[in-house]
Amino acid sequence: MRSDDRRLHPFWVIVQKEVADHLNSWRFYILLLLLVLTCFGSLYTAMMSIRDAAPSEDALASHLFLKLFTVSDGTLPAFMTFIAFLGPLLGIGMGFDAINSERTKGTLNRLLAQPIHRDYVLHAKFVAALLVISVMFFALGFLVMGLGLVMLGIPPAAEEFWRMVIFLLLSICYVAFWLNLAILFSVRFRQAATSALASIAVWIFFSVFFTMIVRLITTATLPSQAADMNGWLSHQQFVQVLMRFSPSQLFSEATTIMLTPSIRSLGPLTMEQIYGAIPSPLPLGQSVLLIWPHIIGLLAATTVCFGLSYLLFMRQEIRSR
């Protein structure tokens, strides 16, 4: 085989370079340390909460292994709560200076002077960061599974394993949205500090102020006391739709359904719907169908951010310093 046939595609060369930059940066190790500490902290609190559970068939039937990700004794939040909080910081931290740092250092024009397509740079930035995030999440997730297996002495059932894998994939999609948002601001603003502040501002808005705005709208549109049941149900569904404009709400609902099989619905239910319902865990396939709109919503938001980044980057004029 000729040496030319063994050469990597220019796109993957850039990806390798970006992955190496991430792995050699102090930023990556600080974010990794935060995730590892929260991982062990949440695992410890979960074990304290379920330490009295006996390794029996009843424990297996109650999806004991999934409680490692959802249960807490109150001292620290659960693992999935930590992911919902630290995931945006991870995505923002790895993408807020993806383009403008290259522009500031004067390396972007040198890179684009090479015989490569211009969009390879933007695509490689995203793919490299996403690869690092994916490896990080799966490593931490399987670490929690392994430690849980040692401490509990109960192997996870096949359905529990796939629920945990889907949870990790959901976490990656959630962080990918914030990564693309940070890359978008990195393309739009020339200073890394400005793009970081803009990304954090969006995160704070959805974490704090968006809920307050929805509450104000809820109070203003509250039905009268004389309204019938259909009016109250319509109002609750309206509020639920508003809340789902927040990526964190989509992620929270999707992970709750996936890691808590006993939850069979996300919306309000009438007494006619509750009456006669079988109190059994929801099968994996039905859980996936229930959260499928949430997955599509996260992917759509991620695609929109990436599309805007691509459009802005391809239309920008890049000059040598």
# chains A, B, ... in the order shown; residues from 1 in each chain; ligands from 1
$ closest_atom_pairs --of "region 52-161 of chain A" --to "region 192-197 of chain A" --cutoff "9 Å" --atoms "only C-alpha atoms" --output "tab-separated table"
residue	atom	partner	partner_atom	distance
A:Ile92	CA	A:Ala196	CA	7.1
A:Gly93	CA	A:Ala196	CA	7.9
A:Gly95	CA	A:Ala196	CA	8.8
A:Phe96	CA	A:Ala196	CA	5.3
A:Asp97	CA	A:Ala192	CA	5.1
A:Ala98	CA	A:Ala192	CA	8.6
A:Ile99	CA	A:Ala192	CA	8.8
A:Asn100	CA	A:Ala192	CA	6.1
A:Ser101	CA	A:Ala192	CA	6.5
A:Thr104	CA	A:Ala192	CA	8.9
$ select_by_dssp --residues "region 6-176 of chain A" --states "helix (DSSP H, G or I)" --output "ChimeraX atom specification"
/A:6,10-23,26-50,57-61,64-70,79-95,100-105,108-112,118-152,158-176
$ atom_distance --atom1 "CA of Ile291 (chain A)" --atom2 "CA of Trp162 (chain A)"
14.7 Å
$ closest_residue --among "A:Cys173, A:Met314, A:Val71, A:Ala182" --to "Thr302 (chain A)" --atoms "only C-alpha atoms"
A:Cys173
$ residues_around --residues "region 37-52 of chain A" --least-positions-apart "6" --cutoff "12 Å" --atoms "only C-alpha atoms" --output "JSON, numbers by chain"
{"A": [29, 30, 31, 59, 62, 63, 64, 65, 66, 67, 68, 69, 70, 71, 72, 73, 74, 75, 76, 77, 78, 79, 80, 81, 82, 83, 84, 85, 86, 87, 136, 137, 139, 140, 141, 142, 143, 144, 145, 146, 147, 148, 149, 150, 151, 152, 153]}
$ write_last_selection --atoms "C-alpha atoms" --output "compact mmCIF listing (two decimals), in the first residue's frame"
# COMPACT_ATOMS: atom_id res chain seq x y z
CA TYR A 29 -8.59 19.11 33.62
CA ILE A 30 -10.45 21.62 35.79
CA LEU A 31 -13.79 20.69 34.19
CA ALA A 59 -34.68 -4.79 44.84
CA SER A 62 -37.62 -1.74 41.83
CA HIS A 63 -34.77 -0.77 39.46
CA LEU A 64 -32.33 -0.34 42.31
CA PHE A 65 -29.39 0.27 39.97
CA LEU A 66 -31.05 3.31 38.41
CA LYS A 67 -31.32 4.91 41.83
CA LEU A 68 -27.57 5.50 41.74
CA PHE A 69 -28.34 8.31 39.29
CA THR A 70 -31.55 9.65 40.83
CA VAL A 71 -31.51 9.20 44.62
CA SER A 72 -29.90 11.54 47.14
CA ASP A 73 -29.90 11.78 50.93
CA GLY A 74 -30.35 15.55 50.83
CA THR A 75 -26.75 16.60 51.45
CA LEU A 76 -25.86 16.71 47.75
CA PRO A 77 -28.03 16.62 44.62
CA ALA A 78 -28.38 13.45 42.60
CA PHE A 79 -26.07 12.62 39.69
CA MET A 80 -28.55 13.64 37.00
CA THR A 81 -29.11 16.97 38.79
CA PHE A 82 -25.38 17.63 38.76
CA ILE A 83 -25.26 16.85 35.04
CA ALA A 84 -28.13 19.25 34.37
CA PHE A 85 -26.24 21.98 36.26
CA LEU A 86 -22.63 21.35 35.19
CA GLY A 87 -23.37 20.19 31.64
CA MET A 136 -15.80 11.85 29.37
CA PHE A 137 -19.49 11.13 29.97
CA ALA A 139 -16.22 7.00 31.23
CA LEU A 140 -17.94 8.62 34.22
CA GLY A 141 -21.19 6.76 33.56
CA PHE A 142 -19.52 3.36 33.38
CA LEU A 143 -17.45 4.27 36.43
CA VAL A 144 -20.65 4.86 38.38
CA MET A 145 -22.04 1.56 37.09
CA GLY A 146 -18.89 -0.31 38.07
CA LEU A 147 -18.71 1.17 41.55
CA GLY A 148 -22.41 0.55 42.02
CA LEU A 149 -21.95 -3.06 40.99
CA VAL A 150 -19.17 -3.48 43.55
CA MET A 151 -21.05 -1.74 46.36
CA LEU A 152 -24.50 -3.18 45.73
CA GLY A 153 -23.43 -6.62 44.62
$ residues_around --residues "Gln16 (chain A)" --least-positions-apart "5" --cutoff "9 Å" --atoms "only C-alpha atoms" --output "PyMOL selection string"
chain A and resi 11+21+124+128
$ closest_residue --among "A:Glu253, A:Asp119, A:Glu317, A:Glu18" --to "Val132 (chain A)" --atoms "only C-alpha atoms"
A:Glu18
